[in-house]
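Enquirer: Take a look at the following structure, please.
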Amino acid sequence: MRTIMIVDDEVRQVKSLSAIIRRLRPTYRTLEATDVEMAWKLLEFEPIDAVLTDIRMPEEDGLTLVERVAAKKPHIRTIIISGYGQFDYAQKAIEHRVTEYLIKPIGLSDIERLLVKLEGLFKQDNRHQELSKERYWHEAIKGTLTEQQRQLMGRYAPSDGPGLVLVFEMSGTDGTDRMALLKERWAVEIVALGQCETFTDLAEHHIVSLVWLNSIIAAKPSEMVMKISRALERVRADGFEDISVGVSCVRAHFHMDVIVSYGEAVLALRHRFYASEDTVFWRSDVQPFMEKVSPSAKEITEPLVSAIKADERSRALQLVNSFFQVREASPYPEPGLIRDEIGLMVWQLLHGLKSLLPADSDEWEHGRLRKKFNRYRDYQELRLRFKELVLQLLELARKTNLDKNGLLILRCQNYLQQHYMDDVSLESVAAMFHFNSSYFSNLFKQRTGINFTEYLLNLRINKAKLMLEQSDDKIASISLRTGFKTAAYFNKMFKRETGISPKAFRQMNGSGAAK
């Protein structure tokens with residue numbers, strides 16, 4: 001409902017204009033004032049959209065009122081009505097952004113034309129106001145408000161009371177039209193809970209809803225959770241079944257904690273990565289993500305390459321499952337880290353299995369595969385697609401024209417990957433695979449480009465490097481666990497292969513304390 005105030009010292013003129021406006025626009029409300037002081041009091045306490053004022057009035061004139069409105073309430077539209085058409089009045093009116101300058105006598109058509117013009121301006125003002133509010137809250141949740149903007153919080157925030165943030169995400173089509181429909185649908189549901197400001201964050205493809213809760217509902221957390229859940233169920237049932245929502249904790253002085261609440265809602269929503277079948281994620285139910293993935297890509301890929309080359313399907317899938325282990329409760333690893341580790345594994349697999357891949361196929365180009373994996377939205381889909389990739393590579397390995405001896409050497413390498421810490425020798429491995437030790441030695445070097453002893457030493461040194469990087473275990477313990485009989489021999493061979501001692505390597509690369 002729009003409110004128009006009419007100001008004129010002639011009471012009959014005020015009453016007449018008021019009656020005409022209400023007859024032409026029955027939904028409009030009119031207020032009446034007979035001098036500037038009375039008009040200003042109404043402006044201080046009433047939500048007024050436009051002021052129609054005469055110029056010539058006792059004491060203060062209409063131009064004084066227009067000037068004060070322009071200075072202190074610039075959102076209100078002003079119209080001057082005068083029996084005088086002098087240019088100086090019109091010039092001053094323009095200076096104070098007057099919407100219309102009407103000359104008495106005013107006819108019915110003049111009033112109709114004025115109302116049509118005002119309605120167009122009101123719509124324009126509404127759009128600007130919505131854009132301004134949306135821009136304001138977008139900057140508020142990102143923490144980019146200036147000090148001057150922060151002082152406007154009282155104007156933009158419905159109240160200084162309890163509230164929370166909901167962040168919506170669509171897994172289907174997220175065009176702006178559909179997002180606008182979701183905003184409208186949610187606005188209908190949230191009325192029962194309190195007041196809200198809902199806007200689109202196009203950069204993140206999210207809809208953000210800031211909700212100032214009814215104090216009675218905020219005081220009953222279980223009832224609040226139930227009402228929000230049911231409201232979201234109704235929205236989903238009304239054509240938005242693909243939405244997921246993160247919900248922050250309730251904050252007592254919400255408008256002071258908007259940034260924190262927004263971060264909580266986003267954190268909650270990101271847990272969809274691990275529970276894609278769920279739709280509502282409450283910050284109170286989740287924990288912050290871990291900043292480490294265990295086991296890491298580094299630990300998985302080398303033995304995985306070996307298993308694929310040896311066509312050992314069960315071993316390869318066991319390694320895949322060890323990385324994509326079932327994660328039933330938070331804290332989970334940060335989703336971005338999971339994606340980075342998968343990207344690294346894909347690159348290492350392509351590099352390690354280069355001889356198996358078709359040279360002229362774009363299907364196995366790293367950048368293409370990396371983009372493909374980045375499109376997958378959740379943990380289970382990534383697990384499934386990575387497993388499919390490994391199965392494809394196993395099939396390529398199976399079809400590769402390897403002779404019997406070559407396949408046996410690959411299986412020997414895989415055996416060493418699993419038993420490097422044991423007391424193995426060329427003779428024992430040769431016997432295990434039914435080779436004469438001398439023949440086996442020559443065959444191994446022919447197939448791998450390196451003799452057996454050097455291969456085993458390199459394998460043990462690489463495993464030791466991983467342990468030095470990722471643990472604070474004693475160096476003597478690491479030497480035994482990687483197959484070296486004494487720490488002294490380990491130190492000697494490590495330095496020969498790397499140029500530095502194990503202790504120096506740990507100081508340069510490790511996360512644990514040198515021992």
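Starting from 1 in every chain, residues are counted up; chains themselves are A, B, ... following the order of the structure tokens, and ligands are numbered from 1 as listed.
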Would you list the contacts of His255 of chain A as a PyMOL selection string, taking every protein, DNA or RNA residue within 9 Å and counting only C-alpha atoms, but skipping same-chain residues closer than 6 positions in sequence?
Expert: chain A and resi 153-154+157-163+212
Enquirer: Could you pull out the strand (DSSP E or B) residues of segment 122-258 of chain A, going by DSSP on the backbone, and write them as a count of residues only?
Expert: 30
Enquirer: When DSSP works through the backbone of this structure, what residues of segment 101-171 of chain A end up as helix (DSSP H, G or I), shown as a ChimeraX atom specification?
Expert: /A:108-142,147-150,153-156
Enquirer: Please write the residues from the selection above to a file, keeping C-alpha atoms, as an mmCIF file, in the first residue's frame.
Expert:
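Saved as part_35.cif:
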```cif
data_model
loop_
_atom_site.group_PDB
_atom_site.id
_atom_site.type_symbol
_atom_site.label_atom_id
_atom_site.label_comp_id
_atom_site.auth_asym_id
_atom_site.auth_seq_id
_atom_site.Cartn_x
_atom_site.Cartn_y
_atom_site.Cartn_z
ATOM 1 C CA LEU A 108 -8.603 14.881 -13.069
ATOM 2 C CA SER A 109 -6.388 13.952 -16.038
ATOM 3 C CA ASP A 110 -3.441 15.729 -14.392
ATOM 4 C CA ILE A 111 -3.852 13.646 -11.235
ATOM 5 C CA GLU A 112 -4.199 10.400 -13.241
ATOM 6 C CA ARG A 113 -1.062 11.229 -15.248
ATOM 7 C CA LEU A 114 0.804 12.032 -12.032
ATOM 8 C CA LEU A 115 -0.212 8.747 -10.374
ATOM 9 C CA VAL A 116 0.868 6.716 -13.402
ATOM 10 C CA LYS A 117 4.229 8.466 -13.369
ATOM 11 C CA LEU A 118 4.623 7.867 -9.624
ATOM 12 C CA GLU A 119 3.790 4.175 -10.007
ATOM 13 C CA GLY A 120 6.532 3.774 -12.595
ATOM 14 C CA LEU A 121 8.975 5.563 -10.304
ATOM 15 C CA PHE A 122 7.913 3.442 -7.302
ATOM 16 C CA LYS A 123 8.673 0.264 -9.261
ATOM 17 C CA GLN A 124 12.021 1.669 -10.266
ATOM 18 C CA ASP A 125 12.739 2.657 -6.662
ATOM 19 C CA ASN A 126 11.794 -0.832 -5.493
ATOM 20 C CA ARG A 127 14.229 -2.424 -7.928
ATOM 21 C CA HIS A 128 16.999 -0.075 -6.854
ATOM 22 C CA GLN A 129 16.220 -0.681 -3.196
ATOM 23 C CA GLU A 130 16.268 -4.461 -3.657
ATOM 24 C CA LEU A 131 19.555 -4.273 -5.546
ATOM 25 C CA SER A 132 21.030 -2.008 -2.879
ATOM 26 C CA LYS A 133 19.916 -4.334 -0.079
ATOM 27 C CA GLU A 134 21.149 -7.411 -1.948
ATOM 28 C CA ARG A 135 24.502 -5.753 -2.611
ATOM 29 C CA TYR A 136 24.705 -4.674 1.019
ATOM 30 C CA TRP A 137 24.051 -8.139 2.449
ATOM 31 C CA HIS A 138 26.338 -9.768 -0.089
ATOM 32 C CA GLU A 139 29.161 -7.523 1.116
ATOM 33 C CA ALA A 140 28.125 -8.138 4.745
ATOM 34 C CA ILE A 141 28.499 -11.946 4.522
ATOM 35 C CA LYS A 142 31.848 -11.577 2.740
ATOM 36 C CA GLU A 147 32.866 1.387 8.381
ATOM 37 C CA GLN A 148 30.274 3.764 6.957
ATOM 38 C CA GLN A 149 28.278 0.850 5.555
ATOM 39 C CA ARG A 150 28.391 -1.008 8.880
ATOM 40 C CA MET A 153 23.128 -2.154 9.713
ATOM 41 C CA GLY A 154 20.257 -0.876 11.830
ATOM 42 C CA ARG A 155 18.440 0.338 8.699
ATOM 43 C CA TYR A 156 18.870 -2.907 6.746
#
```
Enquirer: Skip Ala231 of chain A itself and residues of its chain fewer than 4 positions away, then list as an mmCIF file with N, CA and C atoms, in the first residue's frame all residues within 12 Å of it, counting only C-alpha atoms.
Expert:
```
data_model
loop_
_atom_site.group_PDB
_atom_site.id
_atom_site.type_symbol
_atom_site.label_atom_id
_atom_site.label_comp_id
_atom_site.auth_asym_id
_atom_site.auth_seq_id
_atom_site.Cartn_x
_atom_site.Cartn_y
_atom_site.Cartn_z
ATOM 1 N N ARG A 185 9.597 -18.735 -3.513
ATOM 2 C CA ARG A 185 8.932 -19.853 -2.813
ATOM 3 C C ARG A 185 9.369 -19.915 -1.356
ATOM 4 N N TRP A 186 10.658 -19.702 -1.112
ATOM 5 C CA TRP A 186 11.177 -19.748 0.259
ATOM 6 C C TRP A 186 10.630 -18.580 1.076
ATOM 7 N N ALA A 187 10.481 -17.413 0.460
ATOM 8 C CA ALA A 187 9.961 -16.240 1.169
ATOM 9 C C ALA A 187 8.568 -16.511 1.734
ATOM 10 N N VAL A 188 7.772 -17.284 1.012
ATOM 11 C CA VAL A 188 6.432 -17.640 1.492
ATOM 12 C C VAL A 188 6.521 -18.507 2.735
ATOM 13 N N GLU A 189 7.442 -19.476 2.740
ATOM 14 C CA GLU A 189 7.566 -20.418 3.855
ATOM 15 C C GLU A 189 8.146 -19.774 5.109
ATOM 16 N N ILE A 190 9.091 -18.862 4.943
ATOM 17 C CA ILE A 190 9.849 -18.355 6.087
ATOM 18 C C ILE A 190 9.055 -17.346 6.911
ATOM 19 N N VAL A 191 7.947 -16.828 6.351
ATOM 20 C CA VAL A 191 7.134 -15.835 7.068
ATOM 21 C C VAL A 191 6.730 -16.336 8.445
ATOM 22 N N ALA A 192 6.437 -17.630 8.555
ATOM 23 C CA ALA A 192 5.976 -18.185 9.838
ATOM 24 C C ALA A 192 7.086 -18.229 10.883
ATOM 25 N N LEU A 193 8.347 -18.123 10.437
ATOM 26 C CA LEU A 193 9.485 -18.207 11.370
ATOM 27 C C LEU A 193 10.033 -16.853 11.759
ATOM 28 N N MET A 224 11.983 -25.116 16.454
ATOM 29 C CA MET A 224 12.537 -24.354 15.334
ATOM 30 C C MET A 224 13.089 -25.300 14.263
ATOM 31 N N VAL A 225 13.857 -26.311 14.697
ATOM 32 C CA VAL A 225 14.424 -27.281 13.756
ATOM 33 C C VAL A 225 13.310 -27.994 12.994
ATOM 34 N N MET A 226 12.272 -28.377 13.705
ATOM 35 C CA MET A 226 11.153 -29.064 13.072
ATOM 36 C C MET A 226 10.477 -28.176 12.030
ATOM 37 N N LYS A 227 10.237 -26.900 12.376
ATOM 38 C CA LYS A 227 9.551 -25.983 11.465
ATOM 39 C C LYS A 227 10.392 -25.718 10.213
ATOM 40 N N VAL A 235 9.093 -26.969 0.202
ATOM 41 C CA VAL A 235 9.759 -26.333 -0.948
ATOM 42 C C VAL A 235 10.270 -27.397 -1.915
ATOM 43 N N ARG A 236 10.906 -28.434 -1.382
ATOM 44 C CA ARG A 236 11.423 -29.521 -2.221
ATOM 45 C C ARG A 236 10.287 -30.211 -2.987
ATOM 46 N N ALA A 237 9.165 -30.391 -2.321
ATOM 47 C CA ALA A 237 8.025 -31.068 -2.949
ATOM 48 C C ALA A 237 7.365 -30.209 -4.021
ATOM 49 N N ASP A 238 7.701 -28.915 -4.043
ATOM 50 C CA ASP A 238 7.076 -27.985 -4.975
ATOM 51 C C ASP A 238 8.001 -27.695 -6.161
ATOM 52 N N VAL A 245 20.698 -27.783 1.585
ATOM 53 C CA VAL A 245 20.712 -26.571 2.406
ATOM 54 C C VAL A 245 21.661 -26.747 3.590
ATOM 55 N N VAL A 280 19.478 -31.592 4.199
ATOM 56 C CA VAL A 280 19.656 -30.487 5.136
ATOM 57 C C VAL A 280 20.854 -30.795 6.029
#
```
Enquirer: Could you tell me how far atom CA of Glu291 of chain A lies from atom CA of Ser330 of chain A, in Å and to one decimal?
Expert: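 Atom-to-atom, atom CA of Glu291 of chain A to atom CA of Ser330 of chain A, that is 12.7 Å.
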Enquirer: Please list as a PyMOL selection string every residue within 10 Å of Thr27 of chain A, counting only C-alpha atoms and excluding residues in the same chain fewer than 4 positions away.
Expert: chain A and resi 1-3+21-23
Enquirer: Those selected residues, please, written with C-alpha atoms and delivered as a PDB file, in the first residue's frame.
Expert:
```pdb
ATOM      1  CA  MET A   1       0.000   0.000   0.000  1.00  0.00           C
ATOM      2  CA  ARG A   2       1.330   3.427  -1.007  1.00  0.00           C
ATOM      3  CA  THR A   3       0.972   6.551   1.140  1.00  0.00           C
ATOM      4  CA  ILE A  21      -6.531  10.206  -5.291  1.00  0.00           C
ATOM      5  CA  ARG A  22      -8.466   7.677  -3.171  1.00  0.00           C
ATOM      6  CA  ARG A  23     -11.133   7.419  -5.872  1.00  0.00           C
TER       7      ARG A  23
END
```
Enquirer: At what distance in Å, to one decimal, does atom CA of Asp473 of chain A lie from atom CA of Met421 of chain A?
Expert: 15.9 Å
Enquirer: To one decimal in Å, tell me the separation between atom CA of Tyr455 of chain A and atom CA of Ser428 of chain A.
Expert: 15.2 Å
Enquirer: Return as CSV the residues of segment 303-410 of chain A lying at most 9 Å from segment 429-453 of chain A, together with the closest atom-to-atom pair for each and the distance in Å to one decimal, counting only C-alpha atoms, with rows in chain order and ascending residue number.
Expert:
```
residue,atom,partner,partner_atom,distance
A:Asn405,CA,A:Leu443,CA,8.1
A:Gly406,CA,A:Arg447,CA,6.8
A:Leu408,CA,A:Phe433,CA,7.4
A:Ile409,CA,A:Phe444,CA,6.5
A:Leu410,CA,A:Arg447,CA,8.9
```
Enquirer: List the neighbours of Leu393 of chain A out to 8 Å using only C-alpha atoms; skip same-chain residues closer than 4 positions along the sequence, and give me the result as a JSON list (two decimals) with N, CA and C atoms, in the first residue's frame.
Expert:
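The resulting file, result20.json, is reproduced below:
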```json
[["chain", "number", "residue", "atom", "x", "y", "z"],
["A", 308, "ILE", "N", 48.57, -52.78, -11.31],
["A", 308, "ILE", "CA", 47.93, -52.71, -12.63],
["A", 308, "ILE", "C", 48.82, -53.35, -13.68],
["A", 389, "LEU", "N", 38.10, -45.93, -13.71],
["A", 389, "LEU", "CA", 39.36, -45.61, -14.38],
["A", 389, "LEU", "C", 40.38, -46.72, -14.16],
["A", 397, "ALA", "N", 46.04, -53.28, -19.37],
["A", 397, "ALA", "CA", 47.19, -54.10, -18.98],
["A", 397, "ALA", "C", 46.99, -55.55, -19.39]]
```
Enquirer: Skip Trp40 of chain A itself and residues of its chain fewer than 5 positions away, then list as a ChimeraX atom specification all residues within 12 Å of it, counting only C-alpha atoms.
Expert: /A:5-7,31-35,45-46,48,51,53,60,62,64-69,72-73
Enquirer: Would you kindly return, as a list in words, each protein, DNA or RNA residue with an atom no farther than 10 Å from any atom of Asn462 of chain A, considering only C-alpha atoms and excluding same-chain residues fewer than 5 positions away?
Expert: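 In the requested format, the answer is Leu456, Leu457, Met467, Leu468, Thr482 and Phe494 of chain A.
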Enquirer: Looking at A:Ala297, A:Leu269, A:Leu407, A:Ala50, which one is nearest to Leu466 of chain A, with distances taken over only C-alpha atoms?
Expert: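 Comparing A:Ala297, A:Leu269, A:Leu407, A:Ala50 against Leu466 of chain A, the winner is A:Ala297.
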Enquirer: Rank A:Leu382, A:Ala19, A:Met508, A:Ala316 by their smallest atom-to-atom distance to Ile300 of chain A, using only C-alpha atoms, and report the top residue only.
Expert: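 Among the listed residues, A:Ala316 lies closest to Ile300 of chain A.
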Enquirer: Considering only C-alpha atoms, state which residue in the set A:Val36, A:Leu344, A:Ala265, A:Ala329 is at the smallest distance from Arg370 of chain A.
Expert: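 When distances to Arg370 of chain A are compared using only C-alpha atoms, the smallest one comes from A:Leu344.
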Enquirer: For a quick check of understanding, using only C-alpha atoms, which of A:Phe168, A:Trp364, A:Tyr101, A:Trp347 has the smallest distance to Ala268 of chain A?
Expert: A:Phe168
Enquirer: Looking at A:Val260, A:Ile338, A:Ile103, A:Leu63, which one is nearest to Ser82 of chain A, with distances taken over only C-alpha atoms?
Expert: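 Residue with the minimum atom-to-atom distance to Ser82 of chain A: A:Ile103.
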Enquirer: From the list A:Gln348, A:Ser425, A:Gln392, A:Gln318, which residue is nearest Glu454 of chain A when using only C-alpha atoms?
Expert: A:Ser425
